[in-house]
file data_26.txt (compact mmCIF, C-alpha atoms)
# COMPACT_ATOMS: atom_id res chain seq x y z
CA MET X 1 -28.01 58.10 340.35
CA ALA X 2 -27.38 60.98 337.96
CA ASN X 3 -24.69 63.46 338.91
CA GLU X 4 -23.08 61.27 341.53
CA PHE X 5 -19.34 61.84 341.72
CA ASP X 6 -16.38 61.79 344.07
CA PRO X 7 -15.76 65.33 345.30
CA ASP X 8 -12.43 64.22 346.76
CA LEU X 9 -11.11 62.92 343.43
CA PRO X 10 -8.10 65.06 342.47
CA SER X 11 -9.40 65.35 338.89
CA ASN X 12 -12.50 67.17 340.11
CA ARG X 13 -10.50 69.70 342.10
CA MET X 14 -8.18 70.24 339.13
CA VAL X 15 -11.01 70.94 336.67
CA PHE X 16 -12.86 73.11 339.18
CA GLU X 17 -9.83 75.31 339.83
CA VAL X 18 -8.36 75.37 336.31
CA ARG X 19 -11.52 76.89 334.81
CA ARG X 20 -11.32 79.74 337.33
CA ASP X 21 -7.64 80.51 336.70
CA ASN X 22 -7.10 82.57 333.57
CA SER X 23 -3.35 82.05 333.76
CA VAL X 24 -3.80 78.28 333.48
CA TRP X 25 -6.77 77.19 331.35
CA PRO X 26 -5.50 78.70 328.06
CA HIS X 27 -2.43 76.45 328.38
CA PHE X 28 -4.14 73.34 329.70
CA PRO X 29 -2.97 70.81 327.06
CA GLU X 30 0.71 71.79 327.23
CA ARG X 31 0.67 72.04 331.03
CA LEU X 32 -1.32 68.85 331.56
CA GLU X 33 1.51 66.73 333.01
CA GLU X 34 2.59 69.46 335.40
CA LEU X 35 -0.99 70.06 336.54
CA MET X 36 -1.78 66.38 337.03
CA GLU X 37 1.33 66.04 339.16
CA ALA X 38 0.54 69.15 341.19
CA TYR X 39 -3.02 68.01 341.92
CA GLY X 40 -1.94 64.46 342.76
CA LEU X 41 -3.92 62.55 340.15
CA SER X 42 -3.66 58.77 340.24
CA GLU X 43 -2.09 56.92 337.31
CA PRO X 44 -5.49 55.78 335.94
CA GLU X 45 -6.73 59.39 336.07
CA LYS X 46 -3.59 60.59 334.31
CA GLU X 47 -3.97 57.97 331.58
CA ALA X 48 -7.58 58.93 331.00
CA PHE X 49 -6.67 62.62 330.72
CA ARG X 50 -3.83 61.84 328.30
CA ASP X 51 -6.34 59.88 326.18
CA VAL X 52 -9.04 62.58 326.61
CA ASP X 53 -11.23 59.65 327.64
CA VAL X 54 -14.03 61.44 329.43
CA ARG X 55 -16.16 58.32 329.72
CA ARG X 56 -13.44 56.67 331.82
CA LEU X 57 -13.04 59.82 333.86
CA GLY X 58 -16.76 59.74 334.57
CA GLU X 59 -16.51 56.13 335.65
CA MET X 60 -13.70 57.09 338.02
CA GLY X 61 -15.80 59.74 339.72
CA VAL X 62 -15.39 62.95 337.73
CA HIS X 63 -18.62 64.94 337.84
CA PRO X 64 -20.57 64.37 334.60
CA TYR X 65 -20.99 68.10 334.08
CA PHE X 66 -17.19 68.46 333.85
CA LEU X 67 -16.86 65.91 331.05
CA PRO X 68 -17.74 68.13 328.07
CA GLN X 69 -15.79 70.95 329.69
CA ILE X 70 -12.70 68.73 329.74
CA THR X 71 -12.99 68.17 326.00
CA ARG X 72 -13.18 71.95 325.56
CA LEU X 73 -10.07 72.43 327.69
CA PHE X 74 -8.24 70.25 325.18
CA HIS X 75 -9.87 71.26 321.93
CA GLY X 76 -11.11 74.81 322.48
CA ALA X 77 -14.56 76.13 323.29
CA ALA X 78 -15.40 78.40 320.36
CA ARG X 79 -18.18 77.32 318.02
CA ASN X 80 -18.99 74.26 320.12
CA THR X 81 -21.34 72.67 317.59
CA SER X 82 -22.24 69.01 317.66
CA THR X 83 -19.47 68.39 315.10
CA SER X 84 -16.77 70.52 316.76
CA ALA X 85 -13.47 68.93 317.75
CA ALA X 86 -14.54 69.04 321.40
CA ALA X 87 -17.87 67.37 320.63
CA GLU X 88 -16.20 64.73 318.47
CA ALA X 89 -13.77 63.92 321.28
CA TYR X 90 -16.75 63.49 323.59
CA ARG X 91 -18.50 61.28 321.05
CA LYS X 92 -15.37 59.16 320.59
CA SER X 93 -15.02 58.60 324.34
CA PHE X 94 -18.57 57.38 324.80
CA GLY X 95 -18.47 55.32 321.62
CA ASP X 96 -21.52 53.18 320.99
CA GLN X 97 -23.18 54.42 324.20
CA ILE X 98 -23.94 57.75 322.54
CA VAL X 99 -27.64 58.40 321.98
CA GLU X 100 -28.18 60.62 318.94
CA HIS X 101 -31.21 62.89 318.80
CA ARG X 102 -34.19 61.55 316.89
CA LYS X 103 -36.93 63.98 315.99
CA LYS X 104 -40.30 62.82 317.32
CA MET B 1 -43.92 97.45 350.01
CA ALA B 2 -41.99 96.46 346.88
CA GLU B 3 -43.77 94.72 344.05
CA PHE B 4 -43.12 92.17 341.37
CA VAL B 5 -43.45 93.59 337.88
CA SER B 6 -42.34 90.57 335.86
CA ILE B 7 -41.56 86.93 336.59
CA MET B 8 -40.18 84.51 334.04
CA GLY B 9 -38.35 81.21 333.65
CA MET B 10 -36.14 80.56 330.63
CA ALA B 11 -33.50 78.21 329.26
CA HIS B 12 -29.90 79.45 329.21
CA ALA B 13 -28.28 77.03 326.75
CA PRO B 14 -24.83 78.34 325.73
CA GLY B 15 -25.41 77.73 322.05
CA VAL B 16 -28.10 80.42 322.01
CA THR B 17 -25.33 82.99 321.78
CA GLY B 18 -22.44 80.63 321.03
CA TRP B 19 -23.36 78.79 317.84
CA ILE B 20 -26.99 79.47 316.98
CA GLU B 21 -26.06 80.00 313.32
CA SER B 22 -25.55 76.23 313.12
CA CYS B 23 -29.24 75.56 313.76
CA PRO B 24 -31.77 75.22 310.95
CA GLN B 25 -33.06 78.67 310.03
CA GLU B 26 -36.55 78.09 311.43
CA GLU B 27 -35.07 77.11 314.80
CA GLN B 28 -32.83 80.18 314.82
CA ASP B 29 -35.81 82.40 314.09
CA ALA B 30 -38.01 80.81 316.76
CA ILE B 31 -35.32 80.88 319.45
CA GLN B 32 -34.32 84.48 318.79
CA ALA B 33 -37.94 85.63 318.56
CA GLY B 34 -38.65 83.87 321.86
CA TYR B 35 -35.81 85.55 323.74
CA GLU B 36 -36.55 88.90 322.13
CA GLU B 37 -40.12 88.65 323.41
CA LEU B 38 -38.78 88.04 326.91
CA GLY B 39 -36.58 91.10 326.56
CA ARG B 40 -39.54 93.22 325.47
CA ILE B 41 -41.66 91.97 328.38
CA MET B 42 -38.94 92.70 330.94
CA LYS B 43 -38.14 96.14 329.53
CA ALA B 44 -41.84 97.06 329.44
CA ALA B 45 -42.12 96.10 333.10
CA ARG B 46 -39.49 98.76 333.99
CA PRO B 47 -37.89 96.88 336.90
CA ASP B 48 -35.54 98.68 339.29
CA VAL B 49 -33.78 95.40 340.02
CA ILE B 50 -33.81 91.88 338.59
CA ILE B 51 -33.43 89.05 341.08
CA GLY B 52 -32.28 85.87 339.37
CA VAL B 53 -32.07 82.20 340.36
CA ALA B 54 -29.86 79.82 338.36
CA ASN B 55 -27.62 76.78 338.53
CA ASP B 56 -24.03 77.43 339.60
CA HIS B 57 -22.56 74.83 337.14
CA LEU B 58 -19.93 73.78 339.71
CA LEU B 59 -18.10 77.07 339.13
CA ASN B 60 -18.42 78.90 342.45
CA LEU B 61 -20.06 76.71 345.07
CA PRO B 62 -17.77 74.24 346.84
CA LEU B 63 -17.71 70.68 345.51
CA LYS B 64 -18.22 69.32 349.03
CA LYS B 65 -21.32 70.30 350.99
CA PRO B 66 -22.43 73.23 348.86
CA PRO B 67 -25.21 75.43 350.18
CA HIS B 68 -28.53 75.22 348.38
CA TRP B 69 -28.34 78.94 347.59
CA ARG B 70 -25.74 81.68 347.42
CA VAL B 71 -26.91 85.24 346.93
CA ASP B 72 -24.31 87.69 345.71
CA ALA B 73 -23.86 91.13 347.24
CA ALA B 74 -21.27 92.55 344.85
CA GLU B 75 -21.56 96.14 343.62
CA ASP B 76 -21.02 94.98 340.04
CA TRP B 77 -19.78 92.21 337.78
CA HIS B 78 -17.90 91.78 334.56
CA GLY B 79 -19.00 88.67 332.73
CA PRO B 80 -18.82 86.08 331.39
CA ALA B 81 -15.85 84.50 333.18
CA GLU B 82 -12.96 84.33 330.72
CA PHE B 83 -13.08 80.54 330.22
CA PHE B 84 -16.62 80.87 328.90
CA LYS B 85 -16.28 83.88 326.59
CA ALA B 86 -15.32 81.98 323.44
CA TRP B 87 -17.89 79.28 324.19
CA LEU B 88 -20.65 81.88 324.48
CA LYS B 89 -19.21 84.07 321.72
CA GLN B 90 -19.65 87.08 323.95
CA PRO B 91 -17.17 89.96 324.20
CA GLY B 92 -18.01 90.73 327.81
CA TYR B 93 -20.38 92.97 329.70
CA HIS B 94 -20.72 94.96 332.87
CA VAL B 95 -23.75 94.80 335.12
CA ARG B 96 -24.42 96.49 338.46
CA GLY B 97 -25.61 94.79 341.64
CA ARG B 98 -27.87 95.75 344.54
CA PRO B 99 -25.99 94.79 347.72
CA ASP B 100 -28.81 96.14 349.89
CA VAL B 101 -31.33 93.79 348.26
CA ALA B 102 -28.89 90.88 348.45
CA ASP B 103 -28.27 91.55 352.15
CA THR B 104 -32.00 91.56 352.86
CA ILE B 105 -32.56 88.32 350.98
CA HIS B 106 -29.71 86.66 352.85
CA ARG B 107 -30.84 87.93 356.26
CA ILE B 108 -34.49 86.99 355.93
CA ALA B 109 -33.99 83.71 354.09
CA SER B 110 -31.41 82.63 356.68
CA ALA B 111 -33.80 83.52 359.48
CA ASP B 112 -36.45 81.44 357.73
CA GLY B 113 -34.12 78.44 357.90
CA HIS B 114 -33.08 78.22 354.25
CA ASN B 115 -29.65 76.81 353.47
CA ILE B 116 -28.28 80.04 351.99
CA ASP B 117 -25.00 81.88 352.18
CA LYS B 118 -23.73 85.11 350.69
CA GLY B 119 -21.00 85.63 348.12
CA HIS B 120 -19.23 88.61 346.68
CA GLY B 121 -18.36 88.59 343.00
CA LEU B 122 -19.37 85.17 341.73
CA LEU B 123 -18.20 84.14 338.27
CA PHE B 124 -20.88 84.07 335.60
CA ASP B 125 -21.15 81.59 332.74
CA ASP B 126 -24.14 80.78 330.53
CA ASN B 127 -26.43 80.92 333.59
CA TRP B 128 -26.62 84.75 333.50
CA SER B 129 -24.79 85.62 330.30
CA VAL B 130 -27.35 84.13 327.90
CA PRO B 131 -30.43 85.70 329.56
CA LEU B 132 -28.73 89.07 330.00
CA TRP B 133 -27.79 89.11 326.30
CA TYR B 134 -31.50 89.54 325.62
CA LEU B 135 -32.74 91.23 328.80
CA GLY B 136 -30.02 93.88 328.70
CA TYR B 137 -27.38 95.07 331.16
CA ASP B 138 -28.91 98.34 332.33
CA VAL B 139 -30.92 97.02 335.30
CA PRO B 140 -29.03 96.06 338.48
CA ILE B 141 -29.23 92.36 339.26
CA VAL B 142 -29.12 90.21 342.38
CA PRO B 143 -27.92 86.77 341.30
CA ILE B 144 -28.77 83.77 343.43
CA HIS B 145 -26.67 80.78 342.43
CA MET B 146 -28.23 77.50 343.41
CA ASN B 147 -26.98 73.96 343.59
CA CYS B 148 -28.91 72.03 340.95
CA ILE B 149 -26.45 69.26 340.05
CA ASN B 150 -24.39 68.31 343.11
CA PRO B 151 -26.35 65.74 345.17
CA PRO B 152 -28.19 66.25 347.40
CA VAL B 153 -29.80 69.13 345.51
CA PRO B 154 -32.69 71.08 347.03
CA THR B 155 -35.95 69.20 346.73
CA PRO B 156 -38.89 70.68 344.81
CA GLU B 157 -40.50 71.30 348.21
CA GLU B 158 -37.46 73.30 349.36
CA CYS B 159 -37.51 75.27 346.10
CA VAL B 160 -41.19 76.12 346.55
CA ALA B 161 -40.56 77.15 350.16
CA PHE B 162 -37.65 79.34 349.08
CA GLY B 163 -39.82 80.93 346.39
CA ARG B 164 -42.49 81.73 348.98
CA THR B 165 -39.85 83.34 351.18
CA LEU B 166 -38.64 85.43 348.22
CA ARG B 167 -42.23 86.52 347.66
CA ARG B 168 -42.53 87.63 351.28
CA ILE B 169 -39.17 89.41 351.16
CA VAL B 170 -40.21 91.39 348.09
CA ARG B 171 -43.66 92.25 349.39
CA GLU B 172 -42.78 92.93 353.03
CA GLU B 173 -39.08 93.62 353.43
CA LEU B 174 -37.69 95.42 350.37
CA PRO B 175 -37.95 99.21 350.01
CA ALA B 176 -41.38 100.62 349.21
CA ASP B 177 -42.10 101.14 345.52
CA LEU B 178 -39.13 99.06 344.39
CA ARG B 179 -40.09 97.37 341.11
CA VAL B 180 -38.73 93.81 341.05
CA GLY B 181 -38.24 91.55 338.06
CA LEU B 182 -37.64 87.89 338.93
CA ILE B 183 -36.07 85.36 336.59
CA ALA B 184 -35.16 81.70 336.74
CA THR B 185 -32.70 80.41 334.17
CA GLY B 186 -31.87 76.83 333.28
CA GLY B 187 -33.17 73.71 331.59
CA LEU B 188 -35.07 72.44 329.81
CA SER B 189 -34.09 68.79 329.26
CA HIS B 190 -30.40 68.25 328.52
CA GLU B 191 -27.58 65.98 329.58
CA PRO B 192 -24.19 67.70 329.65
CA GLY B 193 -22.22 64.64 330.74
CA GLY B 194 -23.46 61.21 329.79
CA PRO B 195 -24.45 59.24 326.72
CA ARG B 196 -27.41 61.52 325.97
CA TYR B 197 -25.28 64.65 325.51
CA PHE B 198 -26.49 65.05 321.92
CA THR B 199 -30.20 64.70 322.53
CA MET B 200 -33.03 65.93 324.75
CA ASP B 201 -36.50 64.81 325.79
CA ASP B 202 -39.03 67.08 324.10
CA GLU B 203 -41.95 65.05 325.41
CA PHE B 204 -40.78 65.80 328.95
CA ASP B 205 -40.24 69.46 328.09
CA ARG B 206 -43.78 69.96 326.79
CA TRP B 207 -45.17 68.17 329.84
CA PHE B 208 -43.09 70.34 332.18
CA LEU B 209 -44.02 73.60 330.44
CA ASP B 210 -47.71 72.76 330.82
CA LEU B 211 -47.19 71.71 334.43
CA ILE B 212 -45.24 74.79 335.48
CA ALA B 213 -47.78 77.06 333.74
CA GLU B 214 -50.51 75.48 335.85
CA SER B 215 -48.54 76.61 338.93
CA ASP B 216 -49.97 73.99 341.25
CA ALA B 217 -47.12 73.73 343.74
CA GLU B 218 -48.34 70.51 345.31
CA ARG B 219 -48.63 68.81 341.93
CA ILE B 220 -45.21 70.08 340.85
CA CYS B 221 -43.63 68.64 343.98
CA ARG B 222 -45.44 65.35 343.53
CA GLU B 223 -44.74 64.87 339.83
CA ALA B 224 -41.65 66.88 338.79
CA THR B 225 -39.31 65.01 341.10
CA VAL B 226 -35.54 65.15 340.90
CA GLU B 227 -35.63 61.55 339.69
CA ARG B 228 -38.09 62.43 336.93
CA MET B 229 -35.96 65.35 335.80
CA ASN B 230 -32.80 63.27 335.77
CA ALA B 231 -34.61 60.65 333.73
CA ALA B 232 -35.10 63.36 331.09
CA GLY B 233 -31.38 64.19 331.10
CA GLY B 234 -28.81 64.04 333.89
CA GLY B 235 -26.53 66.95 334.68
CA GLY B 236 -28.84 69.62 333.32
CA THR B 237 -32.57 69.07 333.55
CA THR B 238 -32.64 69.62 337.31
CA GLU B 239 -31.88 73.27 336.57
CA LEU B 240 -35.67 73.44 336.31
CA LEU B 241 -35.69 73.50 340.10
CA ALA B 242 -34.99 77.21 339.68
CA TRP B 243 -38.27 77.60 337.77
CA MET B 244 -40.09 76.14 340.78
CA VAL B 245 -38.69 78.96 342.91
CA VAL B 246 -40.11 81.70 340.70
CA MET B 247 -43.37 79.84 340.17
CA ALA B 248 -43.87 79.81 343.94
CA ALA B 249 -42.90 83.47 344.18
CA ALA B 250 -45.70 84.29 341.74
CA GLY B 251 -48.12 83.08 344.39
CA GLY B 252 -50.14 80.48 342.51
CA GLU B 253 -51.20 82.45 339.45
CA LYS B 254 -50.97 80.58 336.17
CA GLY B 255 -47.98 81.14 333.89
CA ARG B 256 -47.88 81.42 330.12
CA PRO B 257 -45.50 79.27 328.07
CA THR B 258 -44.07 81.69 325.50
CA PHE B 259 -41.99 79.53 323.16
CA TYR B 260 -40.42 76.11 322.88
CA VAL B 261 -37.85 74.74 320.45
CA PRO B 262 -36.40 71.24 320.90
CA SER B 263 -33.04 71.94 319.31
CA ALA B 264 -30.61 69.13 318.58
CA GLU B 265 -27.84 71.60 317.76
CA MET B 266 -28.39 73.44 321.06
CA ARG B 267 -28.37 69.97 322.73
CA CYS B 268 -31.20 71.28 324.91
CA GLY B 269 -34.88 72.05 324.95
CA ILE B 270 -35.14 75.84 324.63
CA GLY B 271 -38.20 77.60 325.98
CA ALA B 272 -39.69 79.98 328.50
CA THR B 273 -42.66 80.67 330.73
CA VAL B 274 -43.85 84.10 331.82
CA TRP B 275 -46.00 84.96 334.82
CA GLU B 276 -47.95 88.14 334.21
CA ARG B 277 -49.99 88.15 337.44
CA PHE B 278 -48.61 87.63 340.90
CA ALA B 279 -51.64 86.95 343.13

call {"tool": "encode", "arguments": {"input": "data_26.txt", "output": "structure tokens"}}
result
Amino acid sequence: MANEFDPDLPSNRMVFEVRRDNSVWPHFPERLEELMEAYGLSEPEKEAFRDVDVRRLGEMGVHPYFLPQITRLFHGAARNTSTSAAAEAYRKSFGDQIVEHRKK
Amino acid sequence: MAEFVSIMGMAHAPGVTGWIESCPQEEQDAIQAGYEELGRIMKAARPDVIIGVANDHLLNLPLKKPPHWRVDAAEDWHGPAEFFKAWLKQPGYHVRGRPDVADTIHRIASADGHNIDKGHGLLFDDNWSVPLWYLGYDVPIVPIHMNCINPPVPTPEECVAFGRTLRRIVREELPADLRVGLIATGGLSHEPGGPRYFTMDDEFDRWFLDLIAESDAERICREATVERMNAAGGGGTTELLAWMVVMAAAGGEKGRPTFYVPSAEMRCGIGATVWERFA
């Protein structure tokens, strides 16, 4: 079912809290290891974050809504067009699953 | 008794302020003209307060067992939350609240059995920041964050019931002569999280806009199910539950779809419906 996730997964708590903490989110990439340790992420979660593999994170139970926000934590949020670095990271993670828009 | 002076539902896609210049010119023009019309309608209605209903985007409500609704009783807000400023390309704004109205909504809706709690200073993202960009910041607001994307979300029936309670609160409980604008923000079809992140379902959007304009609550509940909305895009389309709240608050009068743009660059169907009569 859409939007199903594991609210107890440490990754979800980390993303939820990081976005609310203005002393943390601007430094997310360089503080990633420290944050993952502090929130108690499992090794598979840590690997997926290091790879910015949001598809794998979704499969592990990260809420789908967080997935594009994770790419913005790594690559910045300004000018978030469909060809931005954040969007390209998202596209890369989902690979051939991605459904491109087709005008009807 | 207080009265409704304007009711509307509208999309709040972040790209509308964040990167609209990347859209084809005709889409930019149609989207901006659409929101500007909403701003003109709301300003002409001269509301004393705007009550709003919108998805929380997993920013304030708890991840485990969130309430269906959280009304905010803060005196004022500064938005958007910092993490979202660059995304929305907004420098920041200040908007006042109406704690007395929020308290009344919380008290009566709780007594009616709705799953609602009360906050104080919720963080805003695109849910309020995009609509307010066009509606303005001079009217006090009472934001009601709702859980649209953390299962189990409120059913369409619960949204209609909540809208009917809001209608009764405005007409029977709020101060006499208070002029109330009511907005729902969210949708239309989009999938922020999943393989369909870069597309939307414009066939669904047109169907929904016609359906919500008809304002037949029973038909909405029967046909615009959570499953149907998720089929049009998980993670985002169920924000349209908020539109069901304001549709019910309008009391069964028909709405008027004002504009619709299926925008690939916005990664969302962008549109609005306005209710001009409130039964």

call {"tool": "residues_around", "arguments": {"input": "data_26.txt", "residues": "Pro10 (chain X)", "least_positions_apart": "2", "cutoff": "9 Å", "atoms": "all atoms listed in the file", "output": "PyMOL selection string"}}
result
chain X and resi 7-8+12-15+36+39-42+45+62

call {"tool": "interface_residues", "arguments": {"input": "data_26.txt", "of": "chain X", "to": "chain B", "cutoff": "10 Å", "atoms": "all atoms listed in the file", "output": "ChimeraX atom specification"}}
result
/X:1-8,12-13,15-22,25-26,54-55,58,62-69,72-73,76-83,87,90-91,93-104

call {"tool": "atom_distance", "arguments": {"input": "data_26.txt", "atom1": "CA of Leu188 (chain B)", "atom2": "CA of Ile270 (chain B)"}}
result
6.2 Å

call {"tool": "closest_residue", "arguments": {"input": "data_26.txt", "among": "B:Pro143, B:Gly269, B:Gly163, B:Gly34", "to": "Asp205 (chain B)", "atoms": "all atoms listed in the file"}}
result
B:Gly269

call {"tool": "residues_around", "arguments": {"input": "data_26.txt", "residues": "region 250-258 of chain B", "least_positions_apart": "5", "cutoff": "10 Å", "atoms": "all atoms listed in the file", "output": "PDB file with C-alpha atoms, keeping the file's coordinate frame"}}
result
ATOM      1  CA  PHE B   4     -43.120  92.170 341.370  1.00  0.00           C
ATOM      2  CA  SER B   6     -42.340  90.570 335.860  1.00  0.00           C
ATOM      3  CA  ILE B   7     -41.560  86.930 336.590  1.00  0.00           C
ATOM      4  CA  MET B   8     -40.180  84.510 334.040  1.00  0.00           C
ATOM      5  CA  GLY B   9     -38.350  81.210 333.650  1.00  0.00           C
ATOM      6  CA  MET B  10     -36.140  80.560 330.630  1.00  0.00           C
ATOM      7  CA  GLY B  34     -38.650  83.870 321.860  1.00  0.00           C
ATOM      8  CA  TYR B  35     -35.810  85.550 323.740  1.00  0.00           C
ATOM      9  CA  GLU B  37     -40.120  88.650 323.410  1.00  0.00           C
ATOM     10  CA  LEU B  38     -38.780  88.040 326.910  1.00  0.00           C
ATOM     11  CA  GLY B 163     -39.820  80.930 346.390  1.00  0.00           C
ATOM     12  CA  ARG B 164     -42.490  81.730 348.980  1.00  0.00           C
ATOM     13  CA  LEU B 166     -38.640  85.430 348.220  1.00  0.00           C
ATOM     14  CA  ARG B 167     -42.230  86.520 347.660  1.00  0.00           C
ATOM     15  CA  ARG B 168     -42.530  87.630 351.280  1.00  0.00           C
ATOM     16  CA  LEU B 182     -37.640  87.890 338.930  1.00  0.00           C
ATOM     17  CA  ARG B 206     -43.780  69.960 326.790  1.00  0.00           C
ATOM     18  CA  LEU B 209     -44.020  73.600 330.440  1.00  0.00           C
ATOM     19  CA  ASP B 210     -47.710  72.760 330.820  1.00  0.00           C
ATOM     20  CA  LEU B 211     -47.190  71.710 334.430  1.00  0.00           C
ATOM     21  CA  ILE B 212     -45.240  74.790 335.480  1.00  0.00           C
ATOM     22  CA  ALA B 213     -47.780  77.060 333.740  1.00  0.00           C
ATOM     23  CA  GLU B 214     -50.510  75.480 335.850  1.00  0.00           C
ATOM     24  CA  SER B 215     -48.540  76.610 338.930  1.00  0.00           C
ATOM     25  CA  ASP B 216     -49.970  73.990 341.250  1.00  0.00           C
ATOM     26  CA  ALA B 217     -47.120  73.730 343.740  1.00  0.00           C
ATOM     27  CA  MET B 244     -40.090  76.140 340.780  1.00  0.00           C
ATOM     28  CA  VAL B 245     -38.690  78.960 342.910  1.00  0.00           C
ATOM     29  CA  GLY B 271     -38.200  77.600 325.980  1.00  0.00           C
ATOM     30  CA  ALA B 272     -39.690  79.980 328.500  1.00  0.00           C
ATOM     31  CA  THR B 273     -42.660  80.670 330.730  1.00  0.00           C
ATOM     32  CA  VAL B 274     -43.850  84.100 331.820  1.00  0.00           C
ATOM     33  CA  TRP B 275     -46.000  84.960 334.820  1.00  0.00           C
ATOM     34  CA  GLU B 276     -47.950  88.140 334.210  1.00  0.00           C
ATOM     35  CA  ARG B 277     -49.990  88.150 337.440  1.00  0.00           C
ATOM     36  CA  PHE B 278     -48.610  87.630 340.900  1.00  0.00           C
ATOM     37  CA  ALA B 279     -51.640  86.950 343.130  1.00  0.00           C
TER      38      ALA B 279
END

call {"tool": "closest_residue", "arguments": {"input": "data_26.txt", "among": "B:Ala248, B:Ala184, B:Val71, B:Ile50", "to": "Ile108 (chain B)", "atoms": "only C-alpha atoms"}}
result
B:Val71

call {"tool": "atom_distance", "arguments": {"input": "data_26.txt", "atom1": "CA of Ser129 (chain B)", "atom2": "CA of Ser11 (chain X)"}}
result
26.9 Å

call {"tool": "atom_distance", "arguments": {"input": "data_26.txt", "atom1": "CA of Tyr134 (chain B)", "atom2": "CA of Val170 (chain B)"}}
result
24.2 Å

call {"tool": "residues_around", "arguments": {"input": "data_26.txt", "residues": "Ala109 (chain B)", "least_positions_apart": "4", "cutoff": "10 Å", "atoms": "only C-alpha atoms", "output": "list in words"}}
result
Trp69, Asp103, Thr104, Ile105, Gly113, His114, Asn115, Ile116, Asp117, Phe162, Thr165, Leu166, Arg168 and Ile169 of chain B

call {"tool": "write_last_selection", "arguments": {"input": "data_26.txt", "atoms": "C-alpha atoms", "output": "PDB file, in the frame of the given file"}}
result
ATOM      1  CA  TRP B  69     -28.340  78.940 347.590  1.00  0.00           C
ATOM      2  CA  ASP B 103     -28.270  91.550 352.150  1.00  0.00           C
ATOM      3  CA  THR B 104     -32.000  91.560 352.860  1.00  0.00           C
ATOM      4  CA  ILE B 105     -32.560  88.320 350.980  1.00  0.00           C
ATOM      5  CA  GLY B 113     -34.120  78.440 357.900  1.00  0.00           C
ATOM      6  CA  HIS B 114     -33.080  78.220 354.250  1.00  0.00           C
ATOM      7  CA  ASN B 115     -29.650  76.810 353.470  1.00  0.00           C
ATOM      8  CA  ILE B 116     -28.280  80.040 351.990  1.00  0.00           C
ATOM      9  CA  ASP B 117     -25.000  81.880 352.180  1.00  0.00           C
ATOM     10  CA  PHE B 162     -37.650  79.340 349.080  1.00  0.00           C
ATOM     11  CA  THR B 165     -39.850  83.340 351.180  1.00  0.00           C
ATOM     12  CA  LEU B 166     -38.640  85.430 348.220  1.00  0.00           C
ATOM     13  CA  ARG B 168     -42.530  87.630 351.280  1.00  0.00           C
ATOM     14  CA  ILE B 169     -39.170  89.410 351.160  1.00  0.00           C
TER      15      ILE B 169
END

call {"tool": "closest_residue", "arguments": {"input": "data_26.txt", "among": "B:Leu240, B:Ala11, B:Ala111, B:Val180", "to": "Lys43 (chain B)", "atoms": "all atoms listed in the file"}}
result
B:Val180

call {"tool": "axis_aligned_box", "arguments": {"input": "data_26.txt", "around": "region 106-112 of chain B", "padding_each_side": "6 Å", "output": "lines of an AutoDock Vina configuration file"}}
result
center_x = -33.1
center_y = 84.7
center_z = 356.2
size_x = 18.7
size_y = 18.5
size_z = 18.6

call {"tool": "closest_residue", "arguments": {"input": "data_26.txt", "among": "X:Val24, X:Leu35, X:Thr71, X:Glu43", "to": "Ser84 (chain X)", "atoms": "only C-alpha atoms"}}
result
X:Thr71

call {"tool": "closest_residue", "arguments": {"input": "data_26.txt", "among": "B:Ala176, B:Ala54, B:Ile144, B:Val160", "to": "Arg70 (chain B)", "atoms": "only C-alpha atoms"}}
result
B:Ile144
